[in-house]
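Enquirer: Below is the file coords17.cif, which contains mmCIF, C-alpha atoms and all ligand atoms.
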data_target
loop_
_atom_site.label_atom_id
_atom_site.label_comp_id
_atom_site.auth_asym_id
_atom_site.auth_seq_id
_atom_site.Cartn_x
_atom_site.Cartn_y
_atom_site.Cartn_z
CA MET M 1 10.35 9.02 3.46
CA LYS M 2 13.38 7.65 1.63
CA VAL M 3 13.90 3.88 1.86
CA GLY M 4 17.36 2.45 1.19
CA ILE M 5 18.01 -1.08 0.01
CA VAL M 6 21.48 -2.62 0.30
CA GLY M 7 21.65 -5.73 -1.86
CA ALA M 8 19.87 -5.40 -5.20
CA GLY M 9 19.54 -9.12 -5.81
CA MET M 10 16.28 -11.06 -5.93
CA VAL M 11 15.07 -10.13 -2.43
CA GLY M 12 16.19 -6.49 -2.49
CA SER M 13 14.68 -5.87 -5.92
CA ALA M 14 11.41 -7.64 -5.05
CA ALA M 15 11.13 -5.43 -1.94
CA GLY M 16 11.86 -2.33 -4.03
CA TYR M 17 9.25 -3.32 -6.61
CA ALA M 18 6.62 -3.99 -3.93
CA LEU M 19 7.39 -0.64 -2.29
CA ALA M 20 7.13 1.18 -5.63
CA LEU M 21 3.75 -0.45 -6.37
CA MET M 22 2.48 0.44 -2.90
CA GLY M 23 3.54 4.07 -3.43
CA ILE M 24 4.39 4.60 0.22
CA ALA M 25 8.03 5.76 -0.05
CA SER M 26 9.03 9.13 -1.56
CA ASP M 27 12.36 7.66 -2.74
CA ILE M 28 13.86 4.19 -3.05
CA ALA M 29 17.66 4.02 -3.30
CA PHE M 30 19.62 0.86 -4.14
CA VAL M 31 23.24 0.09 -3.23
CA ASP M 32 25.02 -3.10 -4.26
CA MET M 33 28.67 -4.09 -4.62
CA ASN M 34 27.59 -4.92 -8.17
CA ALA M 35 26.87 -1.30 -9.17
CA ALA M 36 25.64 -2.26 -12.64
CA LEU M 37 23.04 -4.59 -11.11
CA ALA M 38 21.83 -1.90 -8.70
CA THR M 39 21.46 0.61 -11.56
CA ALA M 40 19.64 -1.89 -13.76
CA GLN M 41 17.19 -2.82 -10.97
CA ALA M 42 16.52 0.85 -10.19
CA GLU M 43 15.84 1.67 -13.83
CA ASP M 44 13.60 -1.35 -14.37
CA ILE M 45 11.53 -0.56 -11.26
CA ALA M 46 11.44 3.16 -12.17
CA HIS M 47 9.69 2.17 -15.41
CA ALA M 48 6.87 0.56 -13.39
CA VAL M 49 6.38 3.71 -11.30
CA PRO M 50 4.47 5.86 -13.86
CA PHE M 51 1.66 3.27 -13.81
CA VAL M 52 1.13 3.41 -10.06
CA SER M 53 2.93 6.03 -7.98
CA ALA M 54 5.34 8.97 -7.90
CA THR M 55 8.21 7.26 -6.08
CA THR M 56 11.72 8.18 -7.24
CA VAL M 57 13.97 5.15 -7.75
CA SER M 58 17.76 5.49 -7.90
CA ALA M 59 21.03 3.61 -7.36
CA GLY M 60 24.52 4.62 -6.37
CA ALA M 61 27.18 4.48 -3.68
CA TYR M 62 26.30 4.68 0.03
CA ASP M 63 25.82 8.48 -0.13
CA GLU M 64 22.67 7.69 -2.12
CA LEU M 65 21.14 6.50 1.20
CA THR M 66 21.64 9.87 2.93
CA GLY M 67 18.68 10.61 5.18
CA ALA M 68 16.92 7.27 4.61
CA GLY M 69 14.38 6.55 7.36
CA VAL M 70 14.55 2.81 6.78
CA VAL M 71 17.32 0.76 5.17
CA ILE M 72 16.61 -2.82 4.13
CA LEU M 73 19.66 -5.08 4.39
CA ALA M 74 19.31 -7.78 1.73
CA ALA M 75 22.99 -8.24 0.91
CA GLY M 76 24.34 -11.71 1.29
CA VAL M 77 26.97 -14.15 0.17
CA SER M 78 26.04 -17.71 -0.67
CA GLN M 79 27.53 -20.92 0.69
CA LYS M 80 30.76 -22.11 -1.01
CA PRO M 81 31.22 -25.86 -1.63
CA GLY M 82 32.50 -27.48 1.57
CA GLU M 83 31.84 -24.37 3.65
CA THR M 84 30.18 -24.94 7.02
CA ARG M 85 27.13 -22.97 8.10
CA LEU M 86 29.23 -21.27 10.75
CA GLU M 87 31.90 -20.22 8.22
CA LEU M 88 29.15 -18.79 6.00
CA LEU M 89 27.73 -16.95 8.98
CA SER M 90 31.13 -15.47 9.81
CA ARG M 91 31.55 -14.24 6.22
CA ASN M 92 28.08 -12.68 6.31
CA ALA M 93 29.03 -11.02 9.60
CA VAL M 94 32.02 -9.46 7.81
CA VAL M 95 29.68 -8.19 5.04
CA PHE M 96 27.38 -6.69 7.68
CA ARG M 97 30.24 -5.04 9.55
CA GLN M 98 31.15 -3.14 6.37
CA VAL M 99 27.58 -2.45 5.23
CA VAL M 100 26.14 -1.33 8.59
CA GLY M 101 29.04 1.08 9.18
CA GLU M 102 28.54 2.68 5.76
CA VAL M 103 24.76 2.94 6.21
CA LEU M 104 24.99 4.59 9.63
CA ARG M 105 27.60 7.08 8.34
CA VAL M 106 25.00 8.59 5.96
CA ALA M 107 21.75 7.69 7.77
CA PRO M 108 22.48 7.65 11.52
CA ASP M 109 18.80 7.93 12.47
CA THR M 110 17.62 5.09 10.26
CA ILE M 111 15.80 1.90 11.18
CA LEU M 112 17.64 -1.17 9.90
CA LEU M 113 15.39 -3.86 8.42
CA VAL M 114 17.33 -7.12 8.08
CA ALA M 115 16.35 -9.70 5.45
CA SER M 116 19.64 -11.57 4.94
CA ASN M 117 19.67 -15.15 6.23
CA PRO M 118 19.91 -16.65 8.75
CA VAL M 119 17.78 -13.64 9.52
CA ASP M 120 17.51 -13.96 13.32
CA ILE M 121 21.25 -14.32 13.77
CA MET M 122 22.00 -11.54 11.26
CA THR M 123 19.59 -9.34 13.24
CA GLN M 124 21.49 -10.08 16.44
CA ILE M 125 24.79 -9.37 14.66
CA ALA M 126 23.48 -6.11 13.14
CA THR M 127 22.28 -5.01 16.58
CA ARG M 128 25.71 -5.67 18.12
CA ILE M 129 27.65 -4.06 15.26
CA SER M 130 25.44 -0.97 14.97
CA GLY M 131 25.13 -0.18 18.67
CA LEU M 132 21.56 0.96 17.89
CA PRO M 133 18.72 0.24 20.32
CA ALA M 134 17.25 -3.19 19.56
CA GLN M 135 13.92 -1.53 18.65
CA ARG M 136 15.60 0.00 15.57
CA VAL M 137 17.16 -3.20 14.20
CA ILE M 138 14.29 -5.32 12.96
CA GLY M 139 14.60 -8.70 11.26
CA SER M 140 11.84 -9.79 8.89
CA GLY M 141 11.78 -12.97 11.00
CA THR M 142 8.65 -15.04 10.56
CA ILE M 143 6.63 -12.34 8.77
CA LEU M 144 6.46 -14.63 5.74
CA ASP M 145 5.85 -17.85 7.70
CA THR M 146 2.96 -16.13 9.48
CA ALA M 147 1.54 -15.03 6.11
CA ARG M 148 1.83 -18.62 4.81
CA PHE M 149 0.17 -19.99 7.97
CA ARG M 150 -2.77 -17.56 7.64
CA SER M 151 -3.11 -18.19 3.95
CA LEU M 152 -3.32 -21.99 4.38
CA LEU M 153 -5.75 -21.68 7.29
CA GLY M 154 -7.86 -19.21 5.32
CA ARG M 155 -7.94 -21.57 2.36
CA HIS M 156 -8.97 -24.53 4.53
CA LEU M 157 -11.68 -22.55 6.36
CA ASP M 158 -12.77 -20.76 3.16
CA ILE M 159 -12.28 -17.30 4.66
CA SER M 160 -9.92 -14.44 3.87
CA PRO M 161 -6.43 -14.77 5.38
CA GLN M 162 -6.92 -11.26 6.80
CA SER M 163 -9.63 -12.71 9.06
CA VAL M 164 -7.23 -15.31 10.47
CA HIS M 165 -5.25 -14.19 13.52
CA ALA M 166 -2.41 -16.66 13.92
CA TYR M 167 1.34 -16.28 14.34
CA VAL M 168 4.50 -18.25 13.71
CA LEU M 169 7.02 -17.62 16.49
CA GLY M 170 10.71 -18.25 17.13
CA GLU M 171 13.28 -18.90 14.42
CA HIS M 172 12.64 -18.15 10.75
CA GLY M 173 13.67 -21.70 9.95
CA ASP M 174 13.38 -25.32 10.97
CA SER M 175 12.72 -24.76 14.70
CA GLU M 176 9.89 -22.24 14.18
CA VAL M 177 6.72 -22.66 16.26
CA LEU M 178 3.23 -22.50 14.77
CA ALA M 179 1.11 -21.14 17.62
CA TRP M 180 -2.12 -23.11 17.13
CA SER M 181 -3.43 -22.82 20.68
CA ASN M 182 -4.08 -19.05 20.57
CA ALA M 183 -5.06 -18.77 16.88
CA ARG M 184 -8.44 -17.25 16.06
CA ALA M 185 -10.69 -16.81 13.04
CA GLY M 186 -12.57 -13.56 13.44
CA SER M 187 -13.12 -13.50 17.21
CA VAL M 188 -13.68 -17.26 17.50
CA GLY M 189 -11.09 -19.84 18.59
CA LEU M 190 -9.69 -21.58 15.51
CA LEU M 191 -10.84 -25.13 16.30
CA SER M 192 -14.31 -23.97 17.26
CA PHE M 193 -14.58 -21.88 14.07
CA ALA M 194 -13.49 -24.88 12.00
CA GLU M 195 -16.22 -27.05 13.62
CA GLN M 196 -18.86 -24.34 13.12
CA VAL M 197 -18.18 -24.04 9.39
CA GLY M 198 -18.00 -27.83 8.96
CA ARG M 199 -14.31 -27.86 8.03
CA PRO M 200 -12.67 -29.46 11.07
CA LEU M 201 -8.94 -29.09 11.57
CA THR M 202 -8.10 -32.75 12.07
CA GLU M 203 -4.66 -33.88 13.28
CA GLU M 204 -3.87 -34.86 9.70
CA ILE M 205 -4.82 -31.46 8.24
CA ARG M 206 -2.89 -29.65 10.97
CA ALA M 207 0.17 -31.77 10.20
CA GLN M 208 -0.17 -30.93 6.49
CA ILE M 209 -0.43 -27.20 7.21
CA ASP M 210 2.55 -27.37 9.59
CA ASP M 211 4.63 -29.13 6.94
CA SER M 212 3.58 -26.68 4.19
CA VAL M 213 4.50 -23.64 6.32
CA ARG M 214 7.78 -25.09 7.60
CA ASN M 215 8.98 -26.42 4.24
CA ALA M 216 7.51 -23.86 1.82
CA ALA M 217 10.86 -22.20 1.09
CA TYR M 218 12.55 -25.54 0.29
CA LYS M 219 9.81 -26.40 -2.22
CA ILE M 220 9.99 -22.98 -3.92
CA ILE M 221 13.80 -23.14 -4.07
CA ASP M 222 13.55 -26.60 -5.67
CA GLY M 223 11.27 -25.18 -8.36
CA LYS M 224 12.85 -21.78 -9.10
CA GLY M 225 16.11 -21.48 -7.19
CA ALA M 226 15.13 -18.74 -4.72
CA THR M 227 12.22 -17.13 -2.90
CA TYR M 228 11.67 -13.41 -3.25
CA PHE M 229 8.14 -12.18 -4.09
CA GLY M 230 6.69 -13.21 -0.72
CA ILE M 231 9.52 -11.76 1.34
CA GLY M 232 9.60 -8.66 -0.89
CA ALA M 233 5.95 -7.97 -0.06
CA GLY M 234 6.57 -8.80 3.61
CA LEU M 235 9.44 -6.32 3.83
CA ALA M 236 7.36 -3.64 2.11
CA ASN M 237 4.58 -4.31 4.63
CA ILE M 238 6.96 -3.75 7.56
CA VAL M 239 8.22 -0.53 5.92
CA LYS M 240 4.59 0.60 5.53
CA ALA M 241 3.97 0.06 9.26
CA ILE M 242 7.01 2.26 10.01
CA ILE M 243 6.37 5.04 7.45
CA ARG M 244 2.68 5.37 8.36
CA ASP M 245 3.26 4.77 12.08
CA GLN M 246 0.54 2.12 11.82
CA LYS M 247 1.37 0.28 15.03
CA ASP M 248 0.61 -3.03 13.29
CA VAL M 249 1.11 -6.23 15.29
CA LEU M 250 3.65 -8.15 13.18
CA SER M 251 5.75 -11.23 13.84
CA VAL M 252 9.25 -9.79 13.48
CA SER M 253 12.62 -10.49 15.06
CA ILE M 254 14.58 -8.20 17.36
CA ALA M 255 17.17 -8.83 20.05
CA THR M 256 15.00 -9.47 23.11
CA PRO M 257 16.18 -9.42 26.76
CA GLU M 258 14.52 -12.76 27.59
CA VAL M 259 12.32 -15.29 25.80
CA ALA M 260 11.11 -18.46 27.56
CA GLY M 261 14.06 -18.31 29.96
CA VAL M 262 16.69 -17.67 27.25
CA ARG M 263 18.43 -14.32 27.62
CA ASP M 264 19.42 -11.83 24.90
CA VAL M 265 18.18 -13.63 21.80
CA ALA M 266 16.75 -12.39 18.48
CA LEU M 267 13.67 -14.25 17.30
CA SER M 268 10.12 -13.55 16.27
CA LEU M 269 7.28 -12.67 18.59
CA PRO M 270 4.23 -10.57 17.77
CA ARG M 271 5.42 -6.98 18.18
CA VAL M 272 3.84 -3.56 17.69
CA VAL M 273 5.63 -1.79 14.81
CA GLY M 274 5.42 1.94 14.12
CA ALA M 275 7.52 5.03 13.33
CA ALA M 276 9.96 4.34 16.19
CA GLY M 277 10.49 0.74 15.08
CA VAL M 278 9.32 -1.93 17.51
CA ILE M 279 7.27 -0.21 20.19
CA VAL M 280 6.06 -3.16 22.26
CA ASP M 281 7.00 -6.86 22.48
CA LEU M 282 4.08 -9.22 23.07
CA PHE M 283 4.38 -12.57 24.83
CA PRO M 284 1.34 -14.62 23.76
CA GLN M 285 -0.11 -17.34 25.93
CA LEU M 286 1.07 -20.73 24.63
CA ASP M 287 0.30 -24.30 25.60
CA PRO M 288 3.11 -26.26 27.33
CA GLN M 289 4.32 -27.96 24.12
CA GLU M 290 4.45 -24.68 22.20
CA LEU M 291 6.29 -22.98 25.06
CA ALA M 292 8.84 -25.81 25.19
CA ALA M 293 9.29 -25.58 21.40
CA LEU M 294 9.81 -21.80 21.65
CA ARG M 295 12.40 -22.36 24.39
CA ARG M 296 14.24 -24.89 22.16
CA SER M 297 14.15 -22.47 19.22
CA ALA M 298 15.48 -19.62 21.38
CA ALA M 299 18.27 -21.76 22.87
CA LEU M 300 19.36 -22.91 19.40
CA LEU M 301 19.49 -19.35 18.05
CA LYS M 302 21.31 -18.09 21.12
CA GLU M 303 23.98 -20.79 20.76
CA GLN M 304 24.51 -20.00 17.06
CA ALA M 305 24.63 -16.22 17.55
CA ASP M 306 27.12 -16.56 20.40
CA SER M 307 29.41 -18.73 18.28
CA VAL M 308 29.92 -16.03 15.60
CA ALA M 309 33.14 -14.09 16.11
CA LEU M 310 32.64 -10.37 15.48
N1 LIG M 401 14.20 -13.27 5.46
C1 LIG M 401 13.64 -14.06 4.56
O1 LIG M 401 12.51 -14.52 4.74
C2 LIG M 401 14.40 -14.35 3.30
C3 LIG M 401 13.77 -14.94 2.19
C4 LIG M 401 14.53 -15.19 1.06
C5 LIG M 401 15.89 -14.88 1.04
N2 LIG M 401 16.48 -14.31 2.14
C6 LIG M 401 17.90 -13.96 2.21
O2 LIG M 401 18.10 -12.69 1.62
C7 LIG M 401 19.45 -12.59 1.18
C8 LIG M 401 19.48 -12.12 -0.27
O3 LIG M 401 18.91 -13.13 -1.09
P1 LIG M 401 18.84 -12.94 -2.68
O4 LIG M 401 18.06 -14.07 -3.24
O5 LIG M 401 18.42 -11.53 -2.98
O6 LIG M 401 20.39 -13.10 -3.06
P2 LIG M 401 21.11 -12.49 -4.31
O7 LIG M 401 22.39 -13.23 -4.46
O8 LIG M 401 20.18 -12.41 -5.48
O9 LIG M 401 21.44 -10.98 -3.87
C9 LIG M 401 22.39 -10.65 -2.90
C10 LIG M 401 23.03 -9.35 -3.32
O10 LIG M 401 23.88 -8.90 -2.26
C11 LIG M 401 24.97 -8.23 -2.89
N3 LIG M 401 26.08 -8.11 -1.95
C12 LIG M 401 26.86 -9.10 -1.43
N4 LIG M 401 27.81 -8.58 -0.62
C13 LIG M 401 27.61 -7.24 -0.61
C14 LIG M 401 28.26 -6.16 0.03
N5 LIG M 401 29.33 -6.36 0.83
N6 LIG M 401 27.82 -4.92 -0.20
C15 LIG M 401 26.76 -4.69 -1.03
N7 LIG M 401 26.10 -5.68 -1.69
C16 LIG M 401 26.52 -6.94 -1.47
C17 LIG M 401 25.29 -9.10 -4.12
O11 LIG M 401 26.03 -8.39 -5.08
C18 LIG M 401 23.89 -9.49 -4.59
O12 LIG M 401 23.39 -8.62 -5.60
C19 LIG M 401 20.07 -13.97 1.37
O13 LIG M 401 20.78 -13.99 2.59
C20 LIG M 401 18.85 -14.87 1.45
O14 LIG M 401 19.10 -16.07 2.15
C21 LIG M 401 15.75 -14.04 3.25
#
What does the file become when written as structure tokens?
Ligand SMILES: NC(=O)c1ccc[n+]([C@@H]2O[C@H](COP(=O)([O-])OP(=O)(O)OC[C@H]3O[C@@H](n4cnc5c(N)ncnc54)[C@H](O)[C@@H]3O)[C@@H](O)[C@H]2O)c1
Expert:
Amino acid sequence: MKVGIVGAGMVGSAAGYALALMGIASDIAFVDMNAALATAQAEDIAHAVPFVSATTVSAGAYDELTGAGVVILAAGVSQKPGETRLELLSRNAVVFRQVVGEVLRVAPDTILLVASNPVDIMTQIATRISGLPAQRVIGSGTILDTARFRSLLGRHLDISPQSVHAYVLGEHGDSEVLAWSNARAGSVGLLSFAEQVGRPLTEEIRAQIDDSVRNAAYKIIDGKGATYFGIGAGLANIVKAIIRDQKDVLSVSIATPEVAGVRDVALSLPRVVGAAGVIVDLFPQLDPQELAALRRSAALLKEQADSVAL
């Protein structure tokens, strides 16, 4: 399957590189308004391919995306001095209006995979602009926050993160909800597992993990200006679930009819992802505080998405 990537900056190129190393796409095609950048990224990644896979990597105008089964949207404009968050959002909506129209012209059957921030709102906007069923407009959402949560829990418990079953729900951002109450290690409740292995999850350790998950991006941006390897691998993982019809349960964002009493809002829940996009939405059991926090996150996102003029 061909995978298109619009936006060949740090995130788009990291996703392309991860996909090339995984060898799961037949072709990867980059489009960027900076054509020279797209070509350079494609060539650089193409030189990694002979070591690992047989993926073809190219760049060009939108026609290059013809027939793509998945198109990653990683194009974005950054905040100008003095610009409000809402003004930035409106400019990104304009970018998406142009990009989504061009993508669907050449790949009408594609699944859109949104990475641009604020990712939940851009997912809602892409859903409205495209007119596609919500199941085919997937935001990367909290895929990365969930990976960070599992990694920190795994490190504390001294087990592999793959054996930790825990999700971050809601917004990819400040109001996100770490679902502690239903988290498990293997088949054992998290707190019980922690006691059994003599590494209790005290209030203090839980607060540290919460802070590290919630503020990871800020710390990375302080150190190197942007985050991209983690999200690149996360995007490639979502593409893998689609290409191989894996039906993985992933925390991703799509426009959802109702979440915790808030109607028509895009945010992350665990969802089954396969060849058709999102196949099933899952509503995990949460304790009252987590449910209230999810409701707050949903209401905040809903208010922001509704305030963007399209
Ligand atoms: N979802 C996540 O977890 C996550 C993580 C990190 C970054 N991001 C977001 O991903 C987006 C990209 O980040 P980045 O670090 O790659 O930025 P970047 O500036 O390196 O790349 C953005 C690219 O988009 C291109 N672009 C802008 N407008 C375009 C248009 N109309 N058509 C085609 N290309 C266009 C630019 O030329 C640029 O190459 C940002 O919105 C960022 O906030 C999301």
Enquirer: Within 12 Å of (29.8, 0.4, 0.0) (coordinates as in the file), grab all the protein and nucleic acid residues, counting only C-alpha atoms, and write them out as a list in words.
Expert: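 Output of the proximity query reads Ile5, Val6, Gly7, Phe30, Val31, Asp32, Met33, Asn34, Ala35, Ala59, Gly60, Ala61, Tyr62, Asp63, Glu64, Leu65, Ala75, Val95, Phe96, Arg97, Gln98, Val99, Val100, Gly101, Glu102, Val103, Leu104, Arg105 and Val106 of chain M.
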Enquirer: When you draw a straight line from CA of Ser297 (chain M) to atom C2 of ligand LIG 401 (chain M), how long is it in Å?
Expert: 17.9 Å
Enquirer: Counting all atoms listed in the file, write as a list in words all protein and nucleic acid residues lying at most 8 Å from (16.4, 2.3, 6.8) in the file's frame.
Expert: Val3, Gly4, Ile5, Ala68, Gly69, Val70, Val71, Ile72, Ala107, Thr110, Ile111, Leu112 and Leu113 of chain M
Enquirer: Which of these residues is nearest to Pro200 (chain M), using all atoms listed in the file: M:Ala236, M:Ala38, M:Leu157, M:Leu250?
Expert: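 Answer, going by the shortest atom-to-atom distance: M:Leu157.
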Enquirer: Any idea what the distance is between CA of Thr66 (chain M) and CA of Pro108 (chain M)?
Expert: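 Calculated distance between CA of Thr66 (chain M) and CA of Pro108 (chain M) is 8.9 Å.
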Enquirer: Given 4 Å of margin on each side, can you work out the centre and size in Å (one decimal) of an axis-aligned box holding every listed atom of ligand LIG 401 (chain M), as AutoDock Vina command-line options?
Expert:
--center_x 20.9 --center_y -10.4 --center_z -0.1 --size_x 24.8 --size_y 19.4 --size_z 19.1
Enquirer: Check which residues fall inside 9 Å of ligand LIG 401 (chain M) when counting only C-alpha atoms and all ligand atoms, and print them as a PDB file with C-alpha atoms, in the frame of the given file.
Expert:
ATOM      1  CA  VAL M   6      21.480  -2.620   0.300  1.00  0.00           C
ATOM      2  CA  GLY M   7      21.650  -5.730  -1.860  1.00  0.00           C
ATOM      3  CA  ALA M   8      19.870  -5.400  -5.200  1.00  0.00           C
ATOM      4  CA  GLY M   9      19.540  -9.120  -5.810  1.00  0.00           C
ATOM      5  CA  MET M  10      16.280 -11.060  -5.930  1.00  0.00           C
ATOM      6  CA  VAL M  11      15.070 -10.130  -2.430  1.00  0.00           C
ATOM      7  CA  GLY M  12      16.190  -6.490  -2.490  1.00  0.00           C
ATOM      8  CA  SER M  13      14.680  -5.870  -5.920  1.00  0.00           C
ATOM      9  CA  ALA M  14      11.410  -7.640  -5.050  1.00  0.00           C
ATOM     10  CA  VAL M  31      23.240   0.090  -3.230  1.00  0.00           C
ATOM     11  CA  ASP M  32      25.020  -3.100  -4.260  1.00  0.00           C
ATOM     12  CA  MET M  33      28.670  -4.090  -4.620  1.00  0.00           C
ATOM     13  CA  ASN M  34      27.590  -4.920  -8.170  1.00  0.00           C
ATOM     14  CA  ALA M  35      26.870  -1.300  -9.170  1.00  0.00           C
ATOM     15  CA  LEU M  37      23.040  -4.590 -11.110  1.00  0.00           C
ATOM     16  CA  ALA M  38      21.830  -1.900  -8.700  1.00  0.00           C
ATOM     17  CA  LEU M  73      19.660  -5.080   4.390  1.00  0.00           C
ATOM     18  CA  ALA M  74      19.310  -7.780   1.730  1.00  0.00           C
ATOM     19  CA  ALA M  75      22.990  -8.240   0.910  1.00  0.00           C
ATOM     20  CA  GLY M  76      24.340 -11.710   1.290  1.00  0.00           C
ATOM     21  CA  VAL M  77      26.970 -14.150   0.170  1.00  0.00           C
ATOM     22  CA  SER M  78      26.040 -17.710  -0.670  1.00  0.00           C
ATOM     23  CA  ASN M  92      28.080 -12.680   6.310  1.00  0.00           C
ATOM     24  CA  VAL M  94      32.020  -9.460   7.810  1.00  0.00           C
ATOM     25  CA  VAL M  95      29.680  -8.190   5.040  1.00  0.00           C
ATOM     26  CA  PHE M  96      27.380  -6.690   7.680  1.00  0.00           C
ATOM     27  CA  ARG M  97      30.240  -5.040   9.550  1.00  0.00           C
ATOM     28  CA  GLN M  98      31.150  -3.140   6.370  1.00  0.00           C
ATOM     29  CA  VAL M  99      27.580  -2.450   5.230  1.00  0.00           C
ATOM     30  CA  VAL M 114      17.330  -7.120   8.080  1.00  0.00           C
ATOM     31  CA  ALA M 115      16.350  -9.700   5.450  1.00  0.00           C
ATOM     32  CA  SER M 116      19.640 -11.570   4.940  1.00  0.00           C
ATOM     33  CA  ASN M 117      19.670 -15.150   6.230  1.00  0.00           C
ATOM     34  CA  PRO M 118      19.910 -16.650   8.750  1.00  0.00           C
ATOM     35  CA  VAL M 119      17.780 -13.640   9.520  1.00  0.00           C
ATOM     36  CA  ASP M 120      17.510 -13.960  13.320  1.00  0.00           C
ATOM     37  CA  GLY M 139      14.600  -8.700  11.260  1.00  0.00           C
ATOM     38  CA  SER M 140      11.840  -9.790   8.890  1.00  0.00           C
ATOM     39  CA  GLY M 141      11.780 -12.970  11.000  1.00  0.00           C
ATOM     40  CA  THR M 142       8.650 -15.040  10.560  1.00  0.00           C
ATOM     41  CA  ILE M 143       6.630 -12.340   8.770  1.00  0.00           C
ATOM     42  CA  LEU M 144       6.460 -14.630   5.740  1.00  0.00           C
ATOM     43  CA  ASP M 145       5.850 -17.850   7.700  1.00  0.00           C
ATOM     44  CA  HIS M 172      12.640 -18.150  10.750  1.00  0.00           C
ATOM     45  CA  GLY M 173      13.670 -21.700   9.950  1.00  0.00           C
ATOM     46  CA  ALA M 217      10.860 -22.200   1.090  1.00  0.00           C
ATOM     47  CA  GLY M 225      16.110 -21.480  -7.190  1.00  0.00           C
ATOM     48  CA  ALA M 226      15.130 -18.740  -4.720  1.00  0.00           C
ATOM     49  CA  THR M 227      12.220 -17.130  -2.900  1.00  0.00           C
ATOM     50  CA  TYR M 228      11.670 -13.410  -3.250  1.00  0.00           C
ATOM     51  CA  PHE M 229       8.140 -12.180  -4.090  1.00  0.00           C
ATOM     52  CA  GLY M 230       6.690 -13.210  -0.720  1.00  0.00           C
ATOM     53  CA  ILE M 231       9.520 -11.760   1.340  1.00  0.00           C
ATOM     54  CA  GLY M 232       9.600  -8.660  -0.890  1.00  0.00           C
ATOM     55  CA  GLY M 234       6.570  -8.800   3.610  1.00  0.00           C
ATOM     56  CA  LEU M 235       9.440  -6.320   3.830  1.00  0.00           C
TER      57      LEU M 235
END
Enquirer: Find the residues near region 255-258 of chain M: any atom within 9 Å, counting only C-alpha atoms, skip ones fewer than 3 places away on the same chain, and give them as a ChimeraX atom specification.
Expert: /M:120,123-124,127,134-135,137-138,261-267,281
Enquirer: Write out as a PyMOL selection string each polymer residue whose atoms come within 8 Å of Pro270 (chain M), counting only C-alpha atoms; drop sequence neighbours fewer than 4 positions from it.
Expert: chain M and resi 167+169+249-252+281-284
Enquirer: For the selection you just gave me, I'd like the residues written to a file as a compact mmCIF listing (two decimals), keeping the file's coordinate frame, keeping C-alpha atoms.
Expert:
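For reference, out-v9.txt as written:
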# COMPACT_ATOMS: atom_id res chain seq x y z
CA TYR M 167 1.34 -16.28 14.34
CA LEU M 169 7.02 -17.62 16.49
CA VAL M 249 1.11 -6.23 15.29
CA LEU M 250 3.65 -8.15 13.18
CA SER M 251 5.75 -11.23 13.84
CA VAL M 252 9.25 -9.79 13.48
CA ASP M 281 7.00 -6.86 22.48
CA LEU M 282 4.08 -9.22 23.07
CA PHE M 283 4.38 -12.57 24.83
CA PRO M 284 1.34 -14.62 23.76
Enquirer: As an exercise, work out the distance from CA of Ala293 (chain M) to CA of Leu178 (chain M) in Å and give it to one decimal place.
Expert: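 Interatomic distance, CA of Ala293 (chain M) to CA of Leu178 (chain M): 9.5 Å.
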Enquirer: Under the rule that only C-alpha atoms are counted, which of M:Asp27, M:Asp44, M:Asp210, M:Asp222 is the nearest residue to Thr56 (chain M)?
Expert: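 Going through M:Asp27, M:Asp44, M:Asp210, M:Asp222 one by one, the smallest distance to Thr56 (chain M) is for M:Asp27.
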